[in-house]
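Engineer: This structure is in structure tokens; I'll ask about it shortly.
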Amino acid sequence: MQTIDITLTVNDQQQTLPVKSNDTLLEVIRDYLDLTGSKEGCGEGVCGSCTVLLDGHPVRACLTLALEADGCAVTTVEGLADEDTLSPLQQSFIDHGAVQCGFCTPGMLISAKALLDENPSPDRQKLRQALSGNICRCTGYAKIVDAVAHAARPESGCPDCHTKDSGGDHD
Amino acid sequence: MKKREERLILGKGQYADDLAFFNMAHLVFVGSPHAHARIVSIDTKKALALPGVITVITGKEVAAHTRPLPVQANFTSKGWTWRLADVYAIPADKVRWHGEPVAAVVAEDEETARRAADLVEVAYEALPLAGDLRTALSPGAPKVYDDWEDNKQVHLVFDFGDPEKAFAMADQVLQVTNREGRVTGVPIEPRGCVGLYDTKNDTLEMWGSFQTPFLSRHNIAATLGVPEAKVKINAVDIGGAFGLKIHAWKENVVALASKLSGRPVKWMEPHRDFMATGPHQRDVFWDGTIAFKNDGTLLGLKATVFHDLGVESTNKGIAALSIFPACSSPTNMYKWVGMHVEGIGTVTNKSFYCAYRGYGKDKGIKFIEAAINQVAKKLHMTPEAIRMKNFIQPDEFPYHQINNYVLDSGDYPAVLNKAMEMADLDFFRKRKKELAGQGRYLGIGLVTAIEPAGVAVPNCQMGGITEARVLITPDGSVEVHSDRTEIGQGAEISHATIVADILGMDMAHIHVKRVTSDFIGQGPLSSRGAVYPASAVAKAAKLLRKKVVQCAGSLMKIPADQVVLEKGYIYPVNAPEKKISYAQFADKMFFFPGPRGLDPEILKAHDHLLDVTTTWYSPTTPESGSSYTSFCVSADIAVVEVDIDTGVTQIVKYVHVHDAGTIINAQVVDGQIQGGIVQGIGEALYEGLNYDENGQLMNTSFSNYLIPTSVEAPDIEIAHLETPSPFSETGSKGMGEAPIIGSKAVILDAIEDALSDFGIRVNDAPATPEKVRKWIRQASGQNQ
Amino acid sequence: MLPQFSYVRPDTLQDTVRHLKEKNAAIHAGGTDLIGCLRDGIMQVDKIVSLNALSDLHGIRETADGGLVIGALTTITEVAENLLVKQKYPGLSQGSSEVASPQLRNQGTIGGNLCQKPRCWYYRGEFHCLRKGGNTCYALDGEHQFHAIFGHDLICVITHPSDTAPPLAALSAQLKISGPEGSRTVPVENFYLLPVEDLETETVLKPGEVITHIVLPAPAKNLRSSYRKVRARRSWDFALAGLALALEIENDTVTRGRVYLSGAAPVPWRSRPVEEAITGRKLDAATIQKAALAVVEDANPLPENTYKMDLFKGVVEEELNAIR
């Protein structure tokens with residue numbers, strides 16, 4: 001199949017990519033750019049594991065044709081940290097134990113970032129609503145909601161949270 | 001090197017779908033459009049003609065190149081029925097459920113494989129269905145397995161204590177029924193793996209979403225007819241499992257495809273296939289009679305539990321085995337005189353039964369909790385009063401239950417009291433009365449449960465097999481190996497915490513290794529992580545600590561009992577300034593000066609390496625026959641409001657008090673609790689797999705198989721008590737499943753309470769809006 | 001993995017229409033429904049015509065008479081959060097915020113929401129049903145607990161999945177449509193086709209036609225509107241029963257009322273019996289009771305969805321109480 005060149009600014013890097021008409025943005029990000037942080041869970045836009053920012057708005061990369069994203073700025077989970085220095089939101093996820101299996105985490109982070117970019121101090125209800133398009137099966141959402149709430153208002157501390165140092169690695 | 005969570009949060013996780021190998025081919029299954037049909041012929045010519053297609057594997061090839069799926073549980077006894085069928089990963093003769101694979105296409109890329117899959121032409125002769133339990137058990141029903149007498153796969157009969165005496169003592173008896181619909185666990189990541197058969201060495205290696213690599217190796221090797229020693233299975237990052245990724249089945253075909261093609265072969269299961277051809281659970285109907293005294297003393301139970309196992313034999317008994325704990329668990333946390341429980345498992349033309357958080361023990365507890373709440377109502381007692389009357393008391397542990405369980409420890413009344421205090425029961429009971437006058441329906445549910453954890457059962461692949469290894473490397477870092485895969489349940493942090501505490505080390509230097517089949521053990525299932533693997537790791541760390549102390553004493557020329565290990569340093573108790581780091585110590589031990597720097601007596605024992613491999617077994621199981629080692633305790637209280645016009649349930653308050661013994665990592669424990677509770681809420685309110693009359697699963701998508709999102713999940717108030725288990729190495733208890741048990745039961749109980757004016761029994765989960773409306777309609781005497 | 005198709009993104013409406021006239025051409029607006037349909041293989045598409053370059057189709061503006069014109073490509077989030085929409089037509093704002101999930105509302109457009117394909121699990125599944133050119137409605141004798149109780153004529157029992165069409169119809173919105181024959185205006189209430197009228201398409205759109213704008217008339221001074229959706233799960237779930245109200249109320253009396261149901265019928269369903277029960281009356285307990293009974297007057301429920309009758313009764317009662 002023939003390809004068409006598109007221009008994407010992915011995590012602040014502008015790229016020209018040859019894509020097929022039936023490539024989704026998710027396929028391009030994962031397969032062409034090898035940014036595998038964005039996940040395919042259901043492939044039909046419900047689970048939210050593929051959520052990325054498209055020109056600042058959280059969208060489903062699995063339901064977005066790559067051609068439709070031509071000229072857009074895309075932020076994936078790989079674009080949140082400064083090199084390996086975690087963003088405050090990411091750090092808050094770690095501190096609150098909000099990562100269990102980790103599969104929904106990239107999409108969840110992107111939705112949370114989009115929320116905080118728009119509304120720096122959402123209440124718990126708003127926060128739950130903003131994350132309602134990202135399904136998590138491990139955490140029951142409590143620690144994720146805690147983590148985002150804390151990232152929004154770090155000065156308020158988190159009296160209800162267990163912030164114990166985590167450890168161990170996977171190699 | 002990064003902590004696991006940091007790696008994942010940077011998007012650097014490596015899950016099955018992220019794997020890429022040089023020259024990798026892709027496999028796609030062709031599923032049957034019929035739920036029950038004979039395969040008349042398969043024509044693969046068109047598919048093979050498509051450029052890029054490497055091979056097409058049908059049931060014929062599978063039968064020619066592999067053996068039937070191996071037996072995983074053969075739990076027979078006199079007078080019981082236990083049937084298993086000879087089945088292959090892809091059938092050659094007939095299909096038994098909708099979506100069952102009839103062929104696998106291997107191609108250069110996934111897109112080509114999918115297009116070729118559509119070109120595989122299969123002629124079927126449709127057969128009548130045994131689509132549900134009633135049909136499957138009726139005389140002359142279509143048979144799922146032709147050579148069986150009927151569709152009954154399992155019939156187990158248990159007498160615990162003295163059931164006849166229990167009923168003879170009773171003032172009253174009460175019949176109780178309970179149905180749980182069919183559900184599935186739905187980790188967000190489906191199954192997937194890459195298989196690489198090395199034809200030069202005749203070895204097979206696989207990487208993927210394997211919850212139990214050691215068991216998967218056994219089952220895949222047995223199917224392929226390759227020695228296990230030539231097979232290695234690697235767990236990569238796993239996007240949730242909950243029991244659903246224990247069974248290797250389609251994975252066998254991936255291995256075969258690699259062997260036949262000589263290429264690395266990748267398979268990722270689409271979410272819809274995972275739902276339709278993946279593992280299912282629950283789907284039980286209980287019919288029982290409970291015996292009790294007028295003062296609320298519980299005496300006995302006679303009950304039968306019917307299971308719809310689907311095509312269980314794909315799992316060769318390991319899922320049918322969950323009928324055993326289903327029958328045993330109604331004893332829960334109370335004293336009984338006797339029980340007679342029968343468990344019946346029937347095969348139907350549905351996808352197969354599996355392990356999913358709960359594994360049967362949930363079913364008995366949910367049933368008995370509902371039954372006890374009925375007894376309380378009948379006797380005009382509160383749910384807490386009847387429990388307090390029947391609880392095993394704190395001074396009675398270890399308690400030998402009538403079903404052989406040896407209950408390890410706990411303070412059941414304290415757990416319930418704490419929950420009642422947090423839930424402010426009196427306030428909500430008053431509130432319920434106030435709102436009743438305003439047409440609002442508040443309901444309060446109360447459920448208590450223990451969770452049998454750490455399974456060890458004879459004649460199956462869950463016998464209590466575990467191994468752990470802890471070692472110090474020449475640079476002073478620590479490797480921890482075990483069979484406990486990280487599936488999001490905190491295996492790594494827990495192990496790192498245990499080892500760091502015992503060795504007096506910083507967690508940053510503890511490296512919990514990824515699990516492979518090189519390590520013996522049945523893996524994390526039945527909440528055994530904190531029991532078997534954690535005990536084995538703790539035991540290995542303690543043995544290693546002994547060596548460290550002995551060798552450090554030798555190097556420092558002081559008695560071993562004067563060596564202190566603390567915060568990554570080793571020093572004489574009287575001379576902290578002479579501290580050396582673990583790195584310095586390891587360097588001395590390995591190289592400079594190396595072993596010859598040690599006391600010759602140590603070397604003569606041939607055991608000086610800082611490397612311990614060990615195993616662990618339950619101290620109670622061998623003598624008592626108790627299938628489980630630890631029993632964590634929980635109390636759930638939920639307040640719900642039901643909109644009786646729309647049937648929609650809203651959770652107003654949720655309290656959970658938990659005693660899982662010594663807590664290794666509070667975040668991990670809370671994560672298990674919160675996640676489990678929300679899964680249970682999903683089962684109580686939304687989740688149900690719907691088959692249509694043709695045996696096709698209708699809801700195979702997240703958009704119609706509804707699992708809770710962040711707006712349905714309530715804020716959960718949690719409190720912990722810590723009564724150490726005397727039977728595990730760390731004092732902790734397995735605890736991953738209790739939350740899903742209590743939450744489902746308590747939400748249904750709360751809805752029943754909310755609907756008490758209508759006299760409705762909420763005994764058919766899930767309590768969806770349409771079902772709640774139907775119940776109200778029926779209770780109000782309206783026509784259906 | 002999507003099937004193969006060609007893709008064009010014309011920058012004029014004229015070119016758009018020209019491309020859309022071709023066989024098996026499909027409109028891409030937000031893509032959220034289209035891509036899912038392609039993935040499920042429920043329709044054959046050879047060419048995708050993206051509207052993305054048509055900037056005139058974006059945005060919300062007030063008309064001289066105080067109404068609103070909403071470009072068909074306006075995202076559902078924009079409609080839900082637009083202040084003018086909130087002030088003038090709360091029912092539309094509420095309906096928009098009930099759609100799917102936040103991310104899909106960011107992506108999906110109001111035009112696309114009106115044109116989405118049914119969510120019947122047989123239609124979306126592997127069944128060659130009536131609506132896909134087959135000869136059976138599998139839901140009729142099968143699993144139809146979520147299906148229609150009105151307007152199905154026992155032919156095809158889908159429910160229309162849109163949460164924005166019922167409030168738009170209640171608010172007397174009009175659709176501006178461009179096509180090969182020029183442009184035309186169709187009221188939302190006449191936009192949808194019942195199974196008895198046409199089985200294979202849900203709307204009056206002809207090949208080559210595309211919705212360009214949605215026009216809302218200036219709200220009457222006493223207009224009150226609302227949308228209520230009953231569903232099992234609060235995020236990403238379709239209506240079991242929904243109610244859109246657009247009532248003009250003077251001195252507690254309903255002078256004019258338009259009432260549409262969602263989750264009820266293959267189209268957004270106008271409930272004339274409820275309108276009759278409340279028009280010219282005070283919204284007191286007796287009227288509301290009457291309206292609640294009236295809502296199911298013409299219902300034709302199937303064996304497994306009679307519960308919807310109660311849901312509609314309950315919702316009518318609760319919502320009329322809330323709006324009065």
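Order determines the names: the first chain of the structure tokens is A, the second B, and so forth; residues in each chain are numbered 1 upward, and ligands are numbered 1 upward as they are shown.
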Using only C-alpha atoms, I'd like a table of the residues in chain A that come within 7 Å of chain B; for each, show the closest atom pair and its distance in Å rounded to one decimal, ordered by chain and ascending number, as CSV.
Structural biologist:
residue,atom,partner,partner_atom,distance
A:Thr36,CA,B:Asp18,CA,6.2
A:Gly37,CA,B:Gly11,CA,3.9
A:Gly41,CA,B:Glu189,CA,5.5
A:Cys42,CA,B:His271,CA,5.2
A:Val46,CA,B:Phe702,CA,6.1
A:Cys47,CA,B:Phe702,CA,6.8
A:Val77,CA,B:Gly11,CA,5.7
A:Glu78,CA,B:Gly11,CA,5.6
A:Ala81,CA,B:Leu10,CA,7.0
A:Gln90,CA,B:Ile9,CA,6.5
A:Ile94,CA,B:Glu5,CA,6.6
A:Gly97,CA,B:Gln667,CA,6.0
A:Val99,CA,B:Glu5,CA,6.3
A:Gln100,CA,B:Gly488,CA,4.1
A:Cys101,CA,B:Gly488,CA,3.6
A:Gly102,CA,B:Leu8,CA,6.0
A:Phe103,CA,B:Gly239,CA,4.9
A:Thr105,CA,B:Ile9,CA,6.7
A:Pro106,CA,B:Gly11,CA,6.3
A:Arg128,CA,B:Ser710,CA,5.3
A:Gln129,CA,B:Val711,CA,6.0
A:Leu131,CA,B:Ser710,CA,6.3
A:Ser132,CA,B:Ser710,CA,5.0
A:Ile135,CA,B:Thr709,CA,5.7
A:Arg137,CA,B:Pro187,CA,6.1
A:Cys138,CA,B:Gly675,CA,4.9
A:Thr139,CA,B:Gly675,CA,4.2
A:Gly140,CA,B:Gly675,CA,3.9
A:Tyr141,CA,B:Ser710,CA,5.8
A:Ala142,CA,B:Gln674,CA,6.7
A:His162,CA,B:Gln667,CA,5.9
A:Ser166,CA,B:Ile493,CA,6.2
A:Gly167,CA,B:Ile493,CA,5.4
A:Gly168,CA,B:Ala496,CA,5.3
A:Asp169,CA,B:Lys3,CA,4.1
A:His170,CA,B:Arg4,CA,5.4
A:Asp171,CA,B:Lys513,CA,6.2
Engineer: Mind writing the picked residues with C-alpha atoms as an mmCIF file, in the first residue's frame?
Structural biologist:
data_model
loop_
_atom_site.group_PDB
_atom_site.id
_atom_site.type_symbol
_atom_site.label_atom_id
_atom_site.label_comp_id
_atom_site.auth_asym_id
_atom_site.auth_seq_id
_atom_site.Cartn_x
_atom_site.Cartn_y
_atom_site.Cartn_z
ATOM 1 C CA THR A 36 5.442 1.779 23.170
ATOM 2 C CA GLY A 37 4.299 3.512 26.341
ATOM 3 C CA GLY A 41 -6.213 -2.424 25.463
ATOM 4 C CA CYS A 42 -9.524 -2.770 23.674
ATOM 5 C CA VAL A 46 -13.354 2.475 25.622
ATOM 6 C CA CYS A 47 -10.507 1.426 27.911
ATOM 7 C CA VAL A 77 3.599 9.292 28.282
ATOM 8 C CA GLU A 78 7.223 9.375 27.123
ATOM 9 C CA ALA A 81 9.312 13.441 32.168
ATOM 10 C CA GLN A 90 4.406 11.032 37.800
ATOM 11 C CA ILE A 94 4.822 6.643 42.543
ATOM 12 C CA GLY A 97 1.323 3.578 44.984
ATOM 13 C CA VAL A 99 0.840 2.004 39.737
ATOM 14 C CA GLN A 100 -0.183 -1.618 40.087
ATOM 15 C CA CYS A 101 0.045 -3.620 36.873
ATOM 16 C CA GLY A 102 0.920 -0.368 35.101
ATOM 17 C CA PHE A 103 -0.936 -1.063 31.876
ATOM 18 C CA THR A 105 -0.982 4.065 33.799
ATOM 19 C CA PRO A 106 0.250 5.846 30.633
ATOM 20 C CA ARG A 128 -13.086 11.286 39.021
ATOM 21 C CA GLN A 129 -15.106 12.505 36.051
ATOM 22 C CA LEU A 131 -10.562 9.997 34.622
ATOM 23 C CA SER A 132 -13.804 8.164 33.899
ATOM 24 C CA ILE A 135 -10.432 1.950 32.924
ATOM 25 C CA ARG A 137 -8.848 -3.024 36.883
ATOM 26 C CA CYS A 138 -6.211 -3.181 39.633
ATOM 27 C CA THR A 139 -6.409 -0.147 41.871
ATOM 28 C CA GLY A 140 -10.078 0.581 42.357
ATOM 29 C CA TYR A 141 -8.953 4.119 41.383
ATOM 30 C CA ALA A 142 -8.444 5.255 44.988
ATOM 31 C CA HIS A 162 0.202 5.675 52.910
ATOM 32 C CA SER A 166 8.697 1.697 47.276
ATOM 33 C CA GLY A 167 11.540 -0.417 46.129
ATOM 34 C CA GLY A 168 12.738 -3.298 44.088
ATOM 35 C CA ASP A 169 13.314 -3.276 40.386
ATOM 36 C CA HIS A 170 12.784 -5.403 37.411
ATOM 37 C CA ASP A 171 15.759 -6.273 35.281
#
Engineer: Contacts between chain C and chain A, please, where a residue of chain A counts if it comes within 7 Å (with only C-alpha atoms); show its shortest atom pair and distance in Å to one decimal, rows by chain and ascending number, as JSON lines.
Structural biologist:
{"residue": "A:Ser21", "atom": "CA", "partner": "C:Tyr7", "partner_atom": "CA", "distance": 6.0}
{"residue": "A:Asn22", "atom": "CA", "partner": "C:Leu2", "partner_atom": "CA", "distance": 5.8}
{"residue": "A:Glu44", "atom": "CA", "partner": "C:Gly36", "partner_atom": "CA", "distance": 5.6}
{"residue": "A:His57", "atom": "CA", "partner": "C:Asn106", "partner_atom": "CA", "distance": 6.9}
{"residue": "A:Pro58", "atom": "CA", "partner": "C:Gln103", "partner_atom": "CA", "distance": 5.5}
{"residue": "A:Val59", "atom": "CA", "partner": "C:Gln103", "partner_atom": "CA", "distance": 5.0}
{"residue": "A:Arg60", "atom": "CA", "partner": "C:Gln103", "partner_atom": "CA", "distance": 6.7}
{"residue": "A:Leu63", "atom": "CA", "partner": "C:Ile35", "partner_atom": "CA", "distance": 5.7}
{"residue": "A:Thr64", "atom": "CA", "partner": "C:Gly31", "partner_atom": "CA", "distance": 6.7}
{"residue": "A:Ala130", "atom": "CA", "partner": "C:Pro102", "partner_atom": "CA", "distance": 6.2}
{"residue": "A:Ser132", "atom": "CA", "partner": "C:Ser235", "partner_atom": "CA", "distance": 6.0}
{"residue": "A:Gly133", "atom": "CA", "partner": "C:Ser101", "partner_atom": "CA", "distance": 4.8}
Engineer: List every residue of region 45-159 of chain A that DSSP, applied to the backbone, labels as alpha helix (DSSP H), and write the result as a ChimeraX atom specification.
Structural biologist: /A:88-95,105-118,124-130,142-152
Engineer: Contacts between chain C and chain B, please, where a residue of chain B counts if it comes within 8 Å (with only C-alpha atoms); show its shortest atom pair and distance in Å to one decimal, rows by chain and ascending number, as a tab-separated table.
Structural biologist:
residue	atom	partner	partner_atom	distance
B:Glu111	CA	C:Met1	CA	6.6
B:Asp645	CA	C:Gly314	CA	4.4
B:Thr646	CA	C:Leu311	CA	4.8
B:Gly647	CA	C:Leu311	CA	7.7
B:Val648	CA	C:Ala232	CA	6.5
B:Leu685	CA	C:Ala232	CA	7.8
B:Tyr686	CA	C:Ala232	CA	6.7
B:Asn690	CA	C:Glu143	CA	8.0
B:Asp692	CA	C:Glu143	CA	5.9
B:Glu693	CA	C:Gly142	CA	6.5
B:Met698	CA	C:Trp121	CA	6.1
B:Asn699	CA	C:Trp121	CA	7.1
B:Ser703	CA	C:Asp237	CA	6.5
B:Asn704	CA	C:Asp237	CA	7.5
B:Leu706	CA	C:Arg233	CA	6.9
B:Pro708	CA	C:Arg233	CA	7.1
B:Thr709	CA	C:Ser235	CA	6.7
B:Val711	CA	C:Arg234	CA	6.6
B:Glu712	CA	C:Arg234	CA	6.6
B:Thr768	CA	C:Ala232	CA	6.5
B:Pro769	CA	C:Ala232	CA	6.1
B:Glu770	CA	C:Tyr307	CA	5.7
B:Lys771	CA	C:Tyr307	CA	7.9
B:Arg773	CA	C:Tyr307	CA	5.8
B:Lys774	CA	C:Tyr307	CA	5.9
B:Gln784	CA	C:Thr306	CA	7.0
Engineer: Keeping N, CA and C atoms, export the residues of the selection given above as a PDB file, in the first residue's frame.
Structural biologist:
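Output contents, as saved in result.pdb:
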ATOM      1  N   GLU B 111      -1.471  -7.784   9.905  1.00  0.00           N
ATOM      2  CA  GLU B 111      -2.538  -7.411   8.977  1.00  0.00           C
ATOM      3  C   GLU B 111      -2.763  -8.524   7.943  1.00  0.00           C
ATOM      4  N   ASP B 645     -37.443   3.938  41.144  1.00  0.00           N
ATOM      5  CA  ASP B 645     -38.042   4.201  39.828  1.00  0.00           C
ATOM      6  C   ASP B 645     -37.160   3.695  38.699  1.00  0.00           C
ATOM      7  N   THR B 646     -35.867   3.866  38.866  1.00  0.00           N
ATOM      8  CA  THR B 646     -34.964   3.502  37.769  1.00  0.00           C
ATOM      9  C   THR B 646     -34.182   2.227  38.061  1.00  0.00           C
ATOM     10  N   GLY B 647     -34.198   1.778  39.301  1.00  0.00           N
ATOM     11  CA  GLY B 647     -33.451   0.573  39.655  1.00  0.00           C
ATOM     12  C   GLY B 647     -31.961   0.803  39.805  1.00  0.00           C
ATOM     13  N   VAL B 648     -31.547   2.061  39.791  1.00  0.00           N
ATOM     14  CA  VAL B 648     -30.116   2.367  39.867  1.00  0.00           C
ATOM     15  C   VAL B 648     -29.667   2.453  41.329  1.00  0.00           C
ATOM     16  N   LEU B 685     -23.073  -5.161  40.669  1.00  0.00           N
ATOM     17  CA  LEU B 685     -23.988  -4.199  40.033  1.00  0.00           C
ATOM     18  C   LEU B 685     -24.038  -4.252  38.508  1.00  0.00           C
ATOM     19  N   TYR B 686     -22.935  -4.594  37.872  1.00  0.00           N
ATOM     20  CA  TYR B 686     -22.897  -4.396  36.419  1.00  0.00           C
ATOM     21  C   TYR B 686     -22.544  -5.637  35.606  1.00  0.00           C
ATOM     22  N   ASN B 690     -23.443 -12.312  28.829  1.00  0.00           N
ATOM     23  CA  ASN B 690     -24.732 -12.711  28.260  1.00  0.00           C
ATOM     24  C   ASN B 690     -24.549 -13.577  27.036  1.00  0.00           C
ATOM     25  N   ASP B 692     -26.425 -15.612  23.953  1.00  0.00           N
ATOM     26  CA  ASP B 692     -27.732 -15.672  23.320  1.00  0.00           C
ATOM     27  C   ASP B 692     -28.083 -17.132  23.055  1.00  0.00           C
ATOM     28  N   GLU B 693     -29.252 -17.348  22.476  1.00  0.00           N
ATOM     29  CA  GLU B 693     -29.756 -18.714  22.337  1.00  0.00           C
ATOM     30  C   GLU B 693     -28.888 -19.574  21.404  1.00  0.00           C
ATOM     31  N   MET B 698     -22.653 -12.159  23.816  1.00  0.00           N
ATOM     32  CA  MET B 698     -23.064 -10.871  23.260  1.00  0.00           C
ATOM     33  C   MET B 698     -22.166  -9.725  23.704  1.00  0.00           C
ATOM     34  N   ASN B 699     -21.766  -9.732  24.954  1.00  0.00           N
ATOM     35  CA  ASN B 699     -21.005  -8.564  25.416  1.00  0.00           C
ATOM     36  C   ASN B 699     -19.521  -8.886  25.515  1.00  0.00           C
ATOM     37  N   SER B 703     -17.598  -1.743  26.218  1.00  0.00           N
ATOM     38  CA  SER B 703     -18.757  -0.860  26.150  1.00  0.00           C
ATOM     39  C   SER B 703     -20.039  -1.590  26.530  1.00  0.00           C
ATOM     40  N   ASN B 704     -20.022  -2.920  26.535  1.00  0.00           N
ATOM     41  CA  ASN B 704     -21.241  -3.597  26.989  1.00  0.00           C
ATOM     42  C   ASN B 704     -20.996  -4.666  28.057  1.00  0.00           C
ATOM     43  N   LEU B 706     -19.731  -4.196  31.433  1.00  0.00           N
ATOM     44  CA  LEU B 706     -19.445  -2.951  32.149  1.00  0.00           C
ATOM     45  C   LEU B 706     -18.634  -3.212  33.407  1.00  0.00           C
ATOM     46  N   PRO B 708     -16.437  -1.221  36.521  1.00  0.00           N
ATOM     47  CA  PRO B 708     -16.549   0.112  37.113  1.00  0.00           C
ATOM     48  C   PRO B 708     -15.468   1.072  36.630  1.00  0.00           C
ATOM     49  N   THR B 709     -15.847   2.327  36.474  1.00  0.00           N
ATOM     50  CA  THR B 709     -14.884   3.381  36.182  1.00  0.00           C
ATOM     51  C   THR B 709     -14.703   4.234  37.438  1.00  0.00           C
ATOM     52  N   VAL B 711     -15.861   6.946  38.290  1.00  0.00           N
ATOM     53  CA  VAL B 711     -17.034   7.611  38.867  1.00  0.00           C
ATOM     54  C   VAL B 711     -17.958   6.644  39.607  1.00  0.00           C
ATOM     55  N   GLU B 712     -17.859   5.347  39.323  1.00  0.00           N
ATOM     56  CA  GLU B 712     -18.674   4.401  40.093  1.00  0.00           C
ATOM     57  C   GLU B 712     -17.957   3.926  41.339  1.00  0.00           C
ATOM     58  N   THR B 768     -28.591  -5.397  38.326  1.00  0.00           N
ATOM     59  CA  THR B 768     -28.620  -4.301  37.339  1.00  0.00           C
ATOM     60  C   THR B 768     -29.931  -3.535  37.482  1.00  0.00           C
ATOM     61  N   PRO B 769     -29.993  -2.328  36.926  1.00  0.00           N
ATOM     62  CA  PRO B 769     -31.247  -1.569  37.014  1.00  0.00           C
ATOM     63  C   PRO B 769     -32.444  -2.366  36.499  1.00  0.00           C
ATOM     64  N   GLU B 770     -32.239  -3.078  35.370  1.00  0.00           N
ATOM     65  CA  GLU B 770     -33.396  -3.789  34.832  1.00  0.00           C
ATOM     66  C   GLU B 770     -33.840  -4.897  35.769  1.00  0.00           C
ATOM     67  N   LYS B 771     -32.887  -5.537  36.432  1.00  0.00           N
ATOM     68  CA  LYS B 771     -33.270  -6.624  37.340  1.00  0.00           C
ATOM     69  C   LYS B 771     -33.943  -6.064  38.589  1.00  0.00           C
ATOM     70  N   ARG B 773     -35.658  -3.405  38.809  1.00  0.00           N
ATOM     71  CA  ARG B 773     -37.017  -3.030  38.426  1.00  0.00           C
ATOM     72  C   ARG B 773     -37.917  -4.253  38.299  1.00  0.00           C
ATOM     73  N   LYS B 774     -37.366  -5.321  37.731  1.00  0.00           N
ATOM     74  CA  LYS B 774     -38.177  -6.548  37.595  1.00  0.00           C
ATOM     75  C   LYS B 774     -38.591  -7.056  38.963  1.00  0.00           C
ATOM     76  N   GLN B 784     -45.587  -9.223  34.526  1.00  0.00           N
ATOM     77  CA  GLN B 784     -44.235  -9.157  33.965  1.00  0.00           C
ATOM     78  C   GLN B 784     -44.205  -8.334  32.709  1.00  0.00           C
TER      79      GLN B 784
END
Engineer: Would you please extract all strand (DSSP E or B) residues from region 60-147 of chain C, as assigned by DSSP on the backbone, and give them as a PyMOL selection string?
Structural biologist: chain C and resi 60-62+68-71+75+109
Engineer: Fewer than 2 positions away in the same chain doesn't count, so skip those; otherwise give me all residues within 6 Å of region 380-395 of chain B, counting only C-alpha atoms, as a PyMOL selection string.
Structural biologist: chain B and resi 296+333-335+373+376-378+397+411
Engineer: May I have the residues within 8 Å of Ala319 (chain B) as a PDB file with C-alpha atoms, in the first residue's frame, using only C-alpha atoms and disregarding those fewer than 6 positions away in the same chain?
Structural biologist:
ATOM      1  CA  GLU B 312     -13.899 -26.828  31.302  1.00  0.00           C
ATOM      2  CA  TYR B 353     -14.135 -21.899  33.333  1.00  0.00           C
ATOM      3  CA  CYS B 354     -10.989 -20.616  34.972  1.00  0.00           C
ATOM      4  CA  ALA B 355      -9.356 -19.205  38.018  1.00  0.00           C
TER       5      ALA B 355
END
Engineer: From the list B:Ala276, B:Met422, B:Leu156, B:Ala107, which residue is nearest His340 (chain B) when using only C-alpha atoms?
Structural biologist: B:Leu156
Engineer: Using only C-alpha atoms for the distances, tell me which of A:Arg30, A:His96, A:Lys20, A:Arg124 is nearest to Lys143 (chain A).
Structural biologist: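 The shortest atom-to-atom distance to Lys143 (chain A) comes from A:His96.
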